[in-house]
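Down below is the structure, laid out as structure tokens.
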Amino acid sequence: MGEVPPTAAVQDVAWVLDVALVLATVPVLLLLASGPALLHPRARRGPNLAALGVGVLFALALPLVWRVGVDARGSVAGAAAAVVLLLAAQVGSVLTVLLLGWARLAWSVRRSPPRRADALVVLGAGLVGTRVTLVLAERLLAAIRLHGSLSPSAAAGRRRNVPVVVSGGQGPDEATSEAAAMADFLVEHGFDPAGILLEDRSTSTRENLLNSAALVAEQASDGAGEAGEAGEADGPQGVPGRLVVVTNGFHVFRTHVLARALHLDVVVVGGPTPAHYLPRALVRELVATLTLHPRQQVGTAVVLVALGTWAGLG
């Protein structure tokens, strides 16, 4: 008499799995949508093909997992299906937040573009030999376009133009530092070498931000000290102030989150991403975003496993 009718039991769990299916589908749709980018000769590489393969696999599997979770409630199979779907939804929700965050930041910059800065920072993104990659070239070209519209702030010292910080160390498979290659690229495009600051020790986005801020603060202190001798000191010493950071669009949100965690006054501007790089970029950025707060993600996963077990066996 106290048993729940089968139809009511299905409805009880279906809404949970419906929401999970929608969220889990977000990364699948993006991976499938990036499929046409593989037509580019440069895109036909293992990581991109793997990303597309994962998208196809999940597109086929998710509806089946959802069906098992709904129809097999009360069994181990139903519980397993619910857990898998909820964990996939966790990944989809992180990617959704990443995309919404990127869209919000892009709209904010478009509506109110930065006008003044203490420095323009360009984040490194790998090399081919001693030359910048296409992805990194897009960042540098975006920085070149933006640089002409920026005015130096008081903390920039007596510089007439906003200094450009090129940030990136030398990887084990690289012939030179990313910063050196980026500086060469800027000089080839007409930049005065005196206006370029090299930060060539970073190996991650977090280090890019920290080391660049420290370098700008050091330059500001030196400039303020020189100006102070002439009675022209203005603004705090040793503080980097506002940094305008240029990266690719897919990397904007995570850079913004890291900068806020480091308590830096940063405006992040995203340049274009070569189409052939998008599939790999989506997967890489998703994994990096998931690992930003590992304890929170693990805690969420534990809760979702418990919820999925309840939904499948309850």
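Labeling convention for the structure tokens: chains A, B, ... as they appear, residues from 1 per chain, ligands from 1 in order of appearance.
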Contacts of range 294-297 of chain A within 12 Å, only C-alpha atoms, excl. fewer than 3 positions in-chain, as a PyMOL selection string:
chain A and resi 87+90-91+93-94+287-291+300-304
Store the residues picked out above, limited to N, CA and C atoms, as a tab-separated table (two decimals), in the first residue's frame.
chain	number	residue	atom	x	y	z
A	87	LEU	N	27.66	13.09	-13.44
A	87	LEU	CA	29.06	13.51	-13.54
A	87	LEU	C	29.34	14.19	-14.88
A	90	GLN	N	28.18	17.61	-14.56
A	90	GLN	CA	29.13	18.47	-13.84
A	90	GLN	C	30.11	19.10	-14.82
A	91	VAL	N	30.64	18.28	-15.73
A	91	VAL	CA	31.56	18.80	-16.75
A	91	VAL	C	30.86	19.82	-17.63
A	93	SER	N	28.29	21.68	-16.88
A	93	SER	CA	27.98	22.91	-16.16
A	93	SER	C	29.21	23.81	-16.05
A	94	VAL	N	30.40	23.20	-15.85
A	94	VAL	CA	31.63	24.00	-15.80
A	94	VAL	C	31.88	24.67	-17.14
A	287	VAL	N	39.52	21.20	-19.16
A	287	VAL	CA	40.29	20.46	-18.16
A	287	VAL	C	40.99	21.43	-17.20
A	288	ALA	N	41.56	22.50	-17.74
A	288	ALA	CA	42.26	23.47	-16.90
A	288	ALA	C	41.30	24.17	-15.94
A	289	THR	N	40.08	24.47	-16.42
A	289	THR	CA	39.09	25.12	-15.57
A	289	THR	C	38.62	24.18	-14.47
A	290	LEU	N	38.44	22.91	-14.80
A	290	LEU	CA	38.04	21.92	-13.79
A	290	LEU	C	39.06	21.81	-12.67
A	291	THR	N	40.34	22.01	-12.99
A	291	THR	CA	41.40	21.85	-11.99
A	291	THR	C	41.73	23.16	-11.25
A	300	THR	N	31.91	18.31	-5.17
A	300	THR	CA	30.69	18.30	-5.99
A	300	THR	C	30.46	16.92	-6.59
A	301	ALA	N	31.54	16.28	-7.03
A	301	ALA	CA	31.42	14.95	-7.63
A	301	ALA	C	30.90	13.94	-6.60
A	302	VAL	N	31.37	14.04	-5.36
A	302	VAL	CA	30.90	13.14	-4.31
A	302	VAL	C	29.41	13.31	-4.07
A	303	VAL	N	28.97	14.58	-4.01
A	303	VAL	CA	27.54	14.85	-3.83
A	303	VAL	C	26.73	14.30	-4.99
A	304	LEU	N	27.24	14.46	-6.20
A	304	LEU	CA	26.51	13.98	-7.38
A	304	LEU	C	26.45	12.46	-7.42
Could you give me the residues within range 106-265 of chain A that DSSP places in strand (DSSP E), as a PyMOL selection string?
chain A and resi 116-117+119-123+127-128+131-132+151-152+164-167+196-199+242-248+265
With only C-alpha atoms counted and 12 Å as the cut-off, give the residues of range 109-156 of chain A in contact with range 251-258 of chain A, each with its shortest interatomic distance in Å and the pair that gives it, as CSV.
residue,atom,partner,partner_atom,distance
A:Val109,CA,A:Val252,CA,11.2
A:Val121,CA,A:Thr255,CA,11.9
A:Val122,CA,A:Thr255,CA,11.6
A:Leu123,CA,A:Thr255,CA,9.7
A:Gly124,CA,A:His251,CA,11.5
A:Ala125,CA,A:His251,CA,10.5
A:Val135,CA,A:His251,CA,11.2
A:Leu136,CA,A:His251,CA,11.8
A:Arg139,CA,A:His251,CA,10.8
Could you give me the residues within range 21-173 of chain A that DSSP places in alpha helix (DSSP H), as a count of residues only?
89
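The two atoms in question, CA of Pro152 in chain A and CA of Gln219 in chain A, are spaced 13.2 Å apart.
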Show which residues sit within 7 Å of Asp265 in chain A, as a tab-separated table (two decimals) with C-alpha atoms, in the first residue's frame. Count only C-alpha atoms, and ignore same-chain residues fewer than 4 positions away.
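Saved to out38.tsv:
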chain	number	residue	atom	x	y	z
A	241	GLY	CA	48.06	49.21	-10.98
A	242	ARG	CA	45.84	48.31	-13.93
A	243	LEU	CA	47.06	45.71	-16.38
What gap, in Å, lies between CA of Val97 in chain A and CA of His293 in chain A?
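Answer for the CA of Val97 in chain A to CA of His293 in chain A separation: 13.9 Å.
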Can you work out the spacing between CA of Leu264 in chain A and CA of Ala213 in chain A in Å, to one decimal?
7.9 Å
Spatial neighbours of Phe250 in chain A, 12 Å, only C-alpha atoms, chain gap at least 3 places, as an mmCIF file with C-alpha atoms, in the first residue's frame:
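And here is the file that came out, out.cif:
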data_model
loop_
_atom_site.group_PDB
_atom_site.id
_atom_site.type_symbol
_atom_site.label_atom_id
_atom_site.label_comp_id
_atom_site.auth_asym_id
_atom_site.auth_seq_id
_atom_site.Cartn_x
_atom_site.Cartn_y
_atom_site.Cartn_z
ATOM 1 C CA LEU A 95 31.871 24.506 -19.557
ATOM 2 C CA LEU A 98 33.158 29.151 -18.785
ATOM 3 C CA LEU A 99 31.275 30.161 -21.946
ATOM 4 C CA LEU A 100 28.868 32.473 -20.136
ATOM 5 C CA GLY A 101 31.767 34.073 -18.280
ATOM 6 C CA TRP A 102 33.671 34.594 -21.518
ATOM 7 C CA ALA A 103 30.573 36.125 -23.171
ATOM 8 C CA LEU A 105 33.654 39.616 -20.202
ATOM 9 C CA ALA A 106 33.699 40.053 -23.988
ATOM 10 C CA VAL A 135 47.531 31.057 -31.748
ATOM 11 C CA ARG A 139 47.303 37.373 -29.360
ATOM 12 C CA VAL A 246 45.683 40.000 -23.993
ATOM 13 C CA THR A 247 45.076 36.333 -24.697
ATOM 14 C CA PHE A 253 37.528 33.509 -18.419
ATOM 15 C CA ARG A 254 40.174 31.412 -16.668
ATOM 16 C CA THR A 255 42.675 34.277 -16.886
ATOM 17 C CA HIS A 256 40.112 36.620 -15.330
ATOM 18 C CA VAL A 268 41.359 40.692 -19.955
ATOM 19 C CA VAL A 269 40.898 41.117 -23.706
ATOM 20 C CA GLY A 270 40.455 38.139 -25.993
ATOM 21 C CA GLY A 271 41.860 37.953 -29.496
ATOM 22 C CA PRO A 272 40.673 35.571 -32.233
ATOM 23 C CA THR A 273 41.427 31.849 -32.140
ATOM 24 C CA PRO A 274 42.410 30.030 -35.345
ATOM 25 C CA ALA A 275 39.489 27.776 -36.304
ATOM 26 C CA TYR A 277 42.751 25.047 -32.971
ATOM 27 C CA LEU A 278 39.259 25.345 -31.457
ATOM 28 C CA PRO A 279 38.541 21.638 -30.761
ATOM 29 C CA ARG A 280 41.798 21.175 -28.854
ATOM 30 C CA ALA A 281 41.394 24.548 -27.145
ATOM 31 C CA LEU A 282 37.931 23.641 -25.842
ATOM 32 C CA VAL A 283 39.128 20.375 -24.332
ATOM 33 C CA ARG A 284 42.293 21.877 -22.873
ATOM 34 C CA GLU A 285 40.519 24.877 -21.358
ATOM 35 C CA LEU A 286 37.769 22.716 -19.901
ATOM 36 C CA ALA A 288 42.262 23.475 -16.896
ATOM 37 C CA THR A 289 39.089 25.119 -15.568
#
